[in-house]
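Let me begin by presenting the structure, written as structure tokens, before commenting on it.
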Amino acid sequence: MNKIITYIPKCVAARMFLCILCVFSTQIHAQKKQGQPFVDSLLKELHAQKDETVKINIFIALARAYYRIDPKEGMKYGELGLNLSTRLGDKQGIARSYCVLGGLYDLRGNIAEGRKYDSIALQMLQQHGDKHWAALSYYFTGKSLQLNDHTASLSALLTALKMFEEEGSDASRDGIIDCHIAIGAAYGSTGDYLKGLEHLKAATKMCLDANDKLRLASCYTNTGIIFYYLANYPEALNNHFAALKINEEAGAKMKMANCYNNIGMVYTEQGNKKEALKSTTAALSFYEEFGNKQAIAVTLQNIASINYLLDNDSAALRNYRRALSIYEELDDKNGIADCYAGFGNIYSDEKNFQQAIKYLLAALGMFEKTDNRYSVAKSLFNIANVYHKQNLYSDADKYAARSLDEAEKISAIEIISEASELLSQVNAATGNYKKSLTYYKSFVASRDSMFGEAQTKKAAQVQMQYEFDKREALARVEQDKKDAILLSRLERKNIVIYCSTAAFILLLAIVALYIRQGRLRISQQKAELEQKQLRAQMNPHFIFNCLNSIQHFVVANDVKNANKYLSGFALLMRQTLENSKDGIITLRKEIAYLENYLSLELLRFEDKFTVEITCADDVNADAIEVPAMIIQPFIENAIRHGLCYLEDRLGVLKIQFYKKEGCLYCEVDDNGIGMERSRMLKERNQIAYESHGMELTRKRLALVSKGYGSDYSIEVVNKKNNNGEPEGTIIIIKFPLEK
């Protein structure tokens, strides 16, 4: 069953669960320790203290200390500090209490209240010239703006960093680390991954130097999130588990919840749905313990999404309802609409179309009120899809057309592709073949655009990773040079040894860069060859012939063959796009792709030849994997350069798969006119068309062999009859099997 699901955007979800770490005041900095031991010392001092003015500082210090391990308890002491400061008329205490409470409100998901407290605190602190706490207030303000205004958030955080650095005290060190962490996360959310990693690297070094484990955990968390954006899931998991270990040792339950949620997001992207469900459920238990309603609702929605992917619709509905109840309490209209959309998709799969339409229309109305244009377009498509399932073509056409219109306004290529495909199907079903063909061309164009964007994004990510590694290598080389100079001043007698060491390290760095560049070139060549092969498989000439065939059937009023050809062609295009995303696919998928391709060729050439595909009994087509779409170019050559020229006999194309000496073999056997005679006919008839499929495939297999250390090979056998005349060709492809 194909599942349609809406996720929270990566950047929003990841930011939602970042932990904020605060600094302690100058007055208590000398006593500072990590976690609960420091809290215990503060509580002991509070019980012994009689001076109420001193008690204000202890309340504020406790609020900030609990910020790390129990924000709910931190709120209690922040309120005590504010109440006592207000009663004594201590304006500095009032301002600092507002500052720490603003940060705690932000952390617990009450962004509006947090912004109010931040604004009051910043104004009062600036009036009193309290620079350290004013910097802290800028930090909290920047954190609260991260979800809604990236520019303003970065501005506030960079201001805070500058103020802490200018202060230059021991107490400002923690503020500098916190700002680097928050700025790194902010740059990561906006896609500037290099700057994000640079700030996180600076924070990580400072944490390691100071043995500040809790902040180090936050560095790991945010570094893991950036690797998540880069789809480097193993590295993301390594960082998140490192953060989780530190937070478990410190007993920081809220941060443990954030780690579990981030781990669940990574597992979801990897397709490991069971582990994703396990992690997000663990996160939920912690959020419920602390009463963070916004985080509870988002996590419940994520759990519902995972249950939906696991085909556990009853659990998905139950968790969507729990999330909806909290969203309604918080008056979060987008959250409510997301839950309605989830209900609609589930009921649609269960063929409860009346309920599906009810909830999808409700979601549409709310998305329109919040001006969430992407979700409006997606909801319109989902509604059209439900009507199409019921064969209510008029309603399906209406909503699909609206979806396409909305998607085009915001350039949502994915929805444009889906809506165009659905409109093509609806018009084909109602007999409007001309309009169906127009929409189908739009679908093909948008799909190709999506594929191009994906490849561009992937290339950009590879380039970004390369640039980051290059900067790291150059930074290491520069540092090595500085170390060599310093050592030479201290030990002039050993200058030759130190210079040799520096030169050797420099050479290693250059060699490492050269090796990496070589690997990148191989990877890029492989990607380019795969794209060229894809274009060679579905080249404009083939597409044009297919569209002409469709037009021929339509003009001839051969509705049956037109529908048959159009459906087969649509399936082939979809299979080509899907298979091109994977480097390796099962033999079963490859055979299915070949069967659909050959059915179109048989229809187009009016059964001028027969096809037989066989698998030996010892070949498990579901277990054996081969490079995606590797055999089709050879079959295309057999048809176009051999079988299509036959006039005196029926063409026969045999495709056989068998195992031999621990390898899989594929034979493409045709009884055509042979390669030599085909080449002579083309030269005589001055045919300009030239297929590059076989040559591209040879190069691709060479790259695969080099990358995997396996021996792929191609053998061409020119068959001849008893008179020595050409009588077809046999192509033998060898695929090594994993042992």
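Going by the structure tokens order, chains are called A, B, ..., each with residues numbered from 1, while ligands are numbered from 1 in the order shown.
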
Query - Nearby residues (only C-alpha atoms) at most 8 Å from A:Val716, same-chain spacing under 6 positions excluded, as a list of chain:residue names - result: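 What passes the distance filter is A:Thr729, A:Ile730, A:Ile731, A:Ile732.
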
Export of the given selection (N, CA, C and O atoms) as a CSV table (one decimal), in the first residue's frame:
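again.csv was written with the following content:
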```csv
chain,number,residue,atom,x,y,z
A,729,THR,N,22.9,-12.1,-33.1
A,729,THR,CA,24.0,-11.7,-32.1
A,729,THR,C,23.6,-12.3,-30.8
A,729,THR,O,22.4,-12.3,-30.4
A,730,ILE,N,24.6,-12.7,-30.0
A,730,ILE,CA,24.4,-13.1,-28.6
A,730,ILE,C,25.3,-12.1,-27.7
A,730,ILE,O,26.5,-12.0,-28.0
A,731,ILE,N,24.6,-11.5,-26.7
A,731,ILE,CA,25.3,-10.6,-25.8
A,731,ILE,C,25.3,-11.4,-24.4
A,731,ILE,O,24.2,-11.8,-23.9
A,732,ILE,N,26.5,-11.6,-23.8
A,732,ILE,CA,26.6,-12.3,-22.6
A,732,ILE,C,27.1,-11.4,-21.5
A,732,ILE,O,28.2,-10.9,-21.7
```

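Counting only C-alpha atoms, the residue from A:Leu88, A:Val559, A:Ile111, A:Leu214 that sits nearest to A:Thr430 is A:Val559.
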
Report task. Please identify all polymer residues within 9 Å of stretch 222-227 of chain A, counting only C-alpha atoms, omitting same-chain residues fewer than 4 positions from it, and present them as a PyMOL selection string. Result -> chain A and resi 11+14-15+18+181-182+184-185+188-189+191+193+196-197+200-201+217-218+231-240+262

Report task. Within 10 Å of A:Lys378, counting only C-alpha atoms, which residues show up once you throw out same-chain ones fewer than 3 positions away? Write them as a list of chain:residue names, please. Result -> A:Thr6, A:Ala341, A:Leu364, A:Arg373, A:Tyr374, A:Ser375, A:Phe381, A:Asn382, A:Ile383, A:Ala384, A:Ala400, A:Ser403, A:Leu404, A:Glu406, A:Ala407, A:Ala412, A:Glu414, A:Ile415, A:Ile416, A:Glu418, A:Ala419

Report summary line: What separates atom CA of A:Ile613 and atom CA of A:Gln656 is a distance of 5.9 Å

Query raised in the report: Using only C-alpha atoms, which residues sit within 10 Å of A:Leu603 once same-chain residues fewer than 3 positions away are excluded, as a ChimeraX atom specification?
Result: /A:549,561,564-565,598-600,606-608

Query raised in the report: Contacts of A:Tyr645 at 8 Å or less, counting only C-alpha atoms, minus same-chain residues fewer than 4 places along, as a ChimeraX atom specification?
Result: /A:640-641,672-673

Using all heavy atoms, can you write the selected residues to a file as a PDB file, in the first residue's frame?
```pdb
ATOM      1  N   ARG A 640      16.637  -2.713 -32.497  1.00  0.00           N
ATOM      2  CA  ARG A 640      16.808  -1.620 -33.469  1.00  0.00           C
ATOM      3  C   ARG A 640      17.835  -1.935 -34.551  1.00  0.00           C
ATOM      4  O   ARG A 640      17.754  -1.430 -35.656  1.00  0.00           O
ATOM      5  CB  ARG A 640      17.197  -0.340 -32.741  1.00  0.00           C
ATOM      6  CG  ARG A 640      16.085   0.187 -31.844  1.00  0.00           C
ATOM      7  CD  ARG A 640      16.383   1.583 -31.396  1.00  0.00           C
ATOM      8  NE  ARG A 640      15.300   2.129 -30.603  1.00  0.00           N
ATOM      9  CZ  ARG A 640      15.260   3.370 -30.144  1.00  0.00           C
ATOM     10  NH1 ARG A 640      16.245   4.184 -30.426  1.00  0.00           N
ATOM     11  NH2 ARG A 640      14.247   3.796 -29.426  1.00  0.00           N
ATOM     12  N   HIS A 641      18.853  -2.766 -34.216  1.00  0.00           N
ATOM     13  CA  HIS A 641      19.917  -3.018 -35.171  1.00  0.00           C
ATOM     14  C   HIS A 641      19.883  -4.445 -35.732  1.00  0.00           C
ATOM     15  O   HIS A 641      20.758  -4.807 -36.514  1.00  0.00           O
ATOM     16  CB  HIS A 641      21.276  -2.769 -34.509  1.00  0.00           C
ATOM     17  CG  HIS A 641      21.401  -1.412 -33.911  1.00  0.00           C
ATOM     18  ND1 HIS A 641      21.171  -0.257 -34.609  1.00  0.00           N
ATOM     19  CD2 HIS A 641      21.701  -1.028 -32.635  1.00  0.00           C
ATOM     20  CE1 HIS A 641      21.340   0.779 -33.820  1.00  0.00           C
ATOM     21  NE2 HIS A 641      21.646   0.344 -32.610  1.00  0.00           N
ATOM     22  N   GLY A 672      18.470 -11.705 -35.578  1.00  0.00           N
ATOM     23  CA  GLY A 672      18.395 -10.597 -36.522  1.00  0.00           C
ATOM     24  C   GLY A 672      19.431 -10.696 -37.622  1.00  0.00           C
ATOM     25  O   GLY A 672      20.032 -11.747 -37.867  1.00  0.00           O
ATOM     26  N   ILE A 673      19.706  -9.560 -38.244  1.00  0.00           N
ATOM     27  CA  ILE A 673      20.575  -9.563 -39.425  1.00  0.00           C
ATOM     28  C   ILE A 673      22.056  -9.494 -39.054  1.00  0.00           C
ATOM     29  O   ILE A 673      22.917  -9.564 -39.927  1.00  0.00           O
ATOM     30  CB  ILE A 673      20.223  -8.402 -40.361  1.00  0.00           C
ATOM     31  CG1 ILE A 673      20.479  -7.050 -39.667  1.00  0.00           C
ATOM     32  CG2 ILE A 673      18.782  -8.530 -40.846  1.00  0.00           C
ATOM     33  CD1 ILE A 673      20.320  -5.863 -40.565  1.00  0.00           C
TER      34      ILE A 673
END
```

Which residues, written as a JSON list (two decimals) with N, CA, C and O atoms, in the first residue's frame, have at least one atom at most 10 Å from stretch 147-160 of chain A, with only C-alpha atoms counted and residues fewer than 6 positions away on the same chain left out?
```
[["chain", "number", "residue", "atom", "x", "y", "z"],
["A", 11, "CYS", "N", 14.06, 21.13, 9.04],
["A", 11, "CYS", "CA", 14.66, 22.23, 9.77],
["A", 11, "CYS", "C", 13.82, 22.63, 10.98],
["A", 11, "CYS", "O", 14.33, 22.95, 12.03],
["A", 12, "VAL", "N", 12.49, 22.62, 10.84],
["A", 12, "VAL", "CA", 11.62, 23.00, 11.94],
["A", 12, "VAL", "C", 11.67, 21.96, 13.04],
["A", 12, "VAL", "O", 11.80, 22.26, 14.23],
["A", 13, "ALA", "N", 11.56, 20.69, 12.65],
["A", 13, "ALA", "CA", 11.53, 19.63, 13.65],
["A", 13, "ALA", "C", 12.84, 19.59, 14.43],
["A", 13, "ALA", "O", 12.85, 19.44, 15.65],
["A", 15, "ARG", "N", 15.03, 22.01, 14.93],
["A", 15, "ARG", "CA", 15.17, 23.18, 15.79],
["A", 15, "ARG", "C", 14.30, 23.07, 17.02],
["A", 15, "ARG", "O", 14.64, 23.53, 18.10],
["A", 16, "MET", "N", 13.17, 22.43, 16.86],
["A", 16, "MET", "CA", 12.22, 22.34, 17.97],
["A", 16, "MET", "C", 12.81, 21.62, 19.16],
["A", 16, "MET", "O", 12.45, 21.87, 20.29],
["A", 111, "ILE", "N", 6.52, 29.81, 23.32],
["A", 111, "ILE", "CA", 7.36, 30.81, 22.64],
["A", 111, "ILE", "C", 6.82, 32.23, 22.85],
["A", 111, "ILE", "O", 7.59, 33.17, 23.09],
["A", 131, "LYS", "N", 25.72, 44.49, 31.37],
["A", 131, "LYS", "CA", 26.13, 43.99, 30.05],
["A", 131, "LYS", "C", 26.11, 42.47, 29.95],
["A", 131, "LYS", "O", 25.70, 41.92, 28.92],
["A", 132, "HIS", "N", 26.57, 41.80, 31.02],
["A", 132, "HIS", "CA", 26.60, 40.33, 30.97],
["A", 132, "HIS", "C", 25.20, 39.76, 30.79],
["A", 132, "HIS", "O", 24.95, 38.90, 29.94],
["A", 133, "TRP", "N", 24.28, 40.25, 31.59],
["A", 133, "TRP", "CA", 22.91, 39.74, 31.50],
["A", 133, "TRP", "C", 22.19, 40.26, 30.25],
["A", 133, "TRP", "O", 21.30, 39.61, 29.71],
["A", 134, "ALA", "N", 22.57, 41.44, 29.76],
["A", 134, "ALA", "CA", 22.00, 41.94, 28.50],
["A", 134, "ALA", "C", 22.42, 41.02, 27.35],
["A", 134, "ALA", "O", 21.61, 40.70, 26.47],
["A", 135, "ALA", "N", 23.69, 40.60, 27.39],
["A", 135, "ALA", "CA", 24.15, 39.64, 26.37],
["A", 135, "ALA", "C", 23.35, 38.35, 26.46],
["A", 135, "ALA", "O", 22.96, 37.75, 25.45],
["A", 136, "LEU", "N", 23.11, 37.89, 27.70],
["A", 136, "LEU", "CA", 22.33, 36.67, 27.90],
["A", 136, "LEU", "C", 20.90, 36.84, 27.38],
["A", 136, "LEU", "O", 20.33, 35.92, 26.78],
["A", 137, "SER", "N", 20.34, 38.03, 27.57],
["A", 137, "SER", "CA", 18.98, 38.30, 27.08],
["A", 137, "SER", "C", 18.93, 38.29, 25.56],
["A", 137, "SER", "O", 17.98, 37.78, 24.95],
["A", 138, "TYR", "N", 19.97, 38.86, 24.92],
["A", 138, "TYR", "CA", 20.05, 38.77, 23.45],
["A", 138, "TYR", "C", 20.11, 37.32, 23.00],
["A", 138, "TYR", "O", 19.51, 36.92, 21.99],
["A", 139, "TYR", "N", 20.85, 36.51, 23.77],
["A", 139, "TYR", "CA", 20.95, 35.08, 23.45],
["A", 139, "TYR", "C", 19.57, 34.42, 23.49],
["A", 139, "TYR", "O", 19.17, 33.70, 22.56],
["A", 140, "PHE", "N", 18.82, 34.65, 24.58],
["A", 140, "PHE", "CA", 17.49, 34.06, 24.70],
["A", 140, "PHE", "C", 16.56, 34.56, 23.59],
["A", 140, "PHE", "O", 15.75, 33.81, 23.05],
["A", 141, "THR", "N", 16.67, 35.85, 23.27],
["A", 141, "THR", "CA", 15.85, 36.42, 22.19],
["A", 141, "THR", "C", 16.15, 35.72, 20.86],
["A", 141, "THR", "O", 15.24, 35.36, 20.11],
["A", 166, "GLU", "N", 33.57, 40.64, 24.15],
["A", 166, "GLU", "CA", 34.09, 41.93, 24.62],
["A", 166, "GLU", "C", 34.22, 41.95, 26.14],
["A", 166, "GLU", "O", 35.12, 42.60, 26.69],
["A", 175, "GLY", "N", 28.85, 31.77, 28.01],
["A", 175, "GLY", "CA", 28.00, 32.49, 27.06],
["A", 175, "GLY", "C", 28.53, 32.39, 25.64],
["A", 175, "GLY", "O", 27.77, 32.24, 24.68],
["A", 176, "ILE", "N", 29.86, 32.45, 25.50],
["A", 176, "ILE", "CA", 30.47, 32.33, 24.17],
["A", 176, "ILE", "C", 30.18, 30.95, 23.59],
["A", 176, "ILE", "O", 29.83, 30.81, 22.41],
["A", 178, "ASP", "N", 27.68, 28.90, 24.39],
["A", 178, "ASP", "CA", 26.26, 28.79, 24.06],
["A", 178, "ASP", "C", 25.91, 29.51, 22.76],
["A", 178, "ASP", "O", 25.13, 29.02, 21.95],
["A", 179, "CYS", "N", 26.53, 30.68, 22.56],
["A", 179, "CYS", "CA", 26.26, 31.43, 21.32],
["A", 179, "CYS", "C", 26.79, 30.68, 20.10],
["A", 179, "CYS", "O", 26.12, 30.60, 19.07],
["A", 180, "HIS", "N", 27.99, 30.11, 20.20],
["A", 180, "HIS", "CA", 28.53, 29.33, 19.07],
["A", 180, "HIS", "C", 27.60, 28.16, 18.74],
["A", 180, "HIS", "O", 27.35, 27.87, 17.56],
["A", 181, "ILE", "N", 27.08, 27.49, 19.77],
["A", 181, "ILE", "CA", 26.18, 26.35, 19.54],
["A", 181, "ILE", "C", 24.91, 26.83, 18.84],
["A", 181, "ILE", "O", 24.47, 26.24, 17.84],
["A", 182, "ALA", "N", 24.30, 27.90, 19.36],
["A", 182, "ALA", "CA", 23.04, 28.39, 18.80],
["A", 182, "ALA", "C", 23.24, 28.93, 17.39],
["A", 182, "ALA", "O", 22.40, 28.73, 16.50],
["A", 183, "ILE", "N", 24.34, 29.63, 17.16],
["A", 183, "ILE", "CA", 24.62, 30.18, 15.82],
["A", 183, "ILE", "C", 24.87, 29.03, 14.84],
["A", 183, "ILE", "O", 24.41, 29.06, 13.69],
["A", 184, "GLY", "N", 25.61, 28.00, 15.28],
["A", 184, "GLY", "CA", 25.83, 26.84, 14.43],
["A", 184, "GLY", "C", 24.53, 26.18, 14.03],
["A", 184, "GLY", "O", 24.32, 25.81, 12.86],
["A", 185, "ALA", "N", 23.61, 26.06, 15.02],
["A", 185, "ALA", "CA", 22.30, 25.46, 14.72],
["A", 185, "ALA", "C", 21.51, 26.33, 13.76],
["A", 185, "ALA", "O", 20.84, 25.84, 12.84],
["A", 186, "ALA", "N", 21.59, 27.66, 13.96],
["A", 186, "ALA", "CA", 20.83, 28.58, 13.09],
["A", 186, "ALA", "C", 21.34, 28.52, 11.65],
["A", 186, "ALA", "O", 20.55, 28.47, 10.70],
["A", 187, "TYR", "N", 22.65, 28.53, 11.47],
["A", 187, "TYR", "CA", 23.20, 28.42, 10.11],
["A", 187, "TYR", "C", 22.82, 27.07, 9.48],
["A", 187, "TYR", "O", 22.54, 26.98, 8.29],
["A", 189, "SER", "N", 20.11, 25.42, 10.02],
["A", 189, "SER", "CA", 18.70, 25.46, 9.65],
["A", 189, "SER", "C", 18.46, 26.22, 8.35],
["A", 189, "SER", "O", 17.50, 25.95, 7.62],
["A", 190, "THR", "N", 19.35, 27.19, 8.05],
["A", 190, "THR", "CA", 19.19, 27.98, 6.83],
["A", 190, "THR", "C", 19.96, 27.38, 5.65],
["A", 190, "THR", "O", 19.95, 27.94, 4.57]]
```

Query raised in the report: Which residue gives the smallest distance to A:Glu249 among A:Arg519, A:Asp174, A:Ser417, A:Lys213, with only C-alpha atoms counted?
Result: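 Among the listed residues, A:Lys213 lies closest to A:Glu249.
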
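Taking atom CA of A:Tyr399 and atom CA of A:Leu380 as endpoints, the distance between them is 5.5 Å.
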
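Across the structure, atom CA of A:Leu513 and atom CA of A:His199 are spaced 23.3 Å apart.
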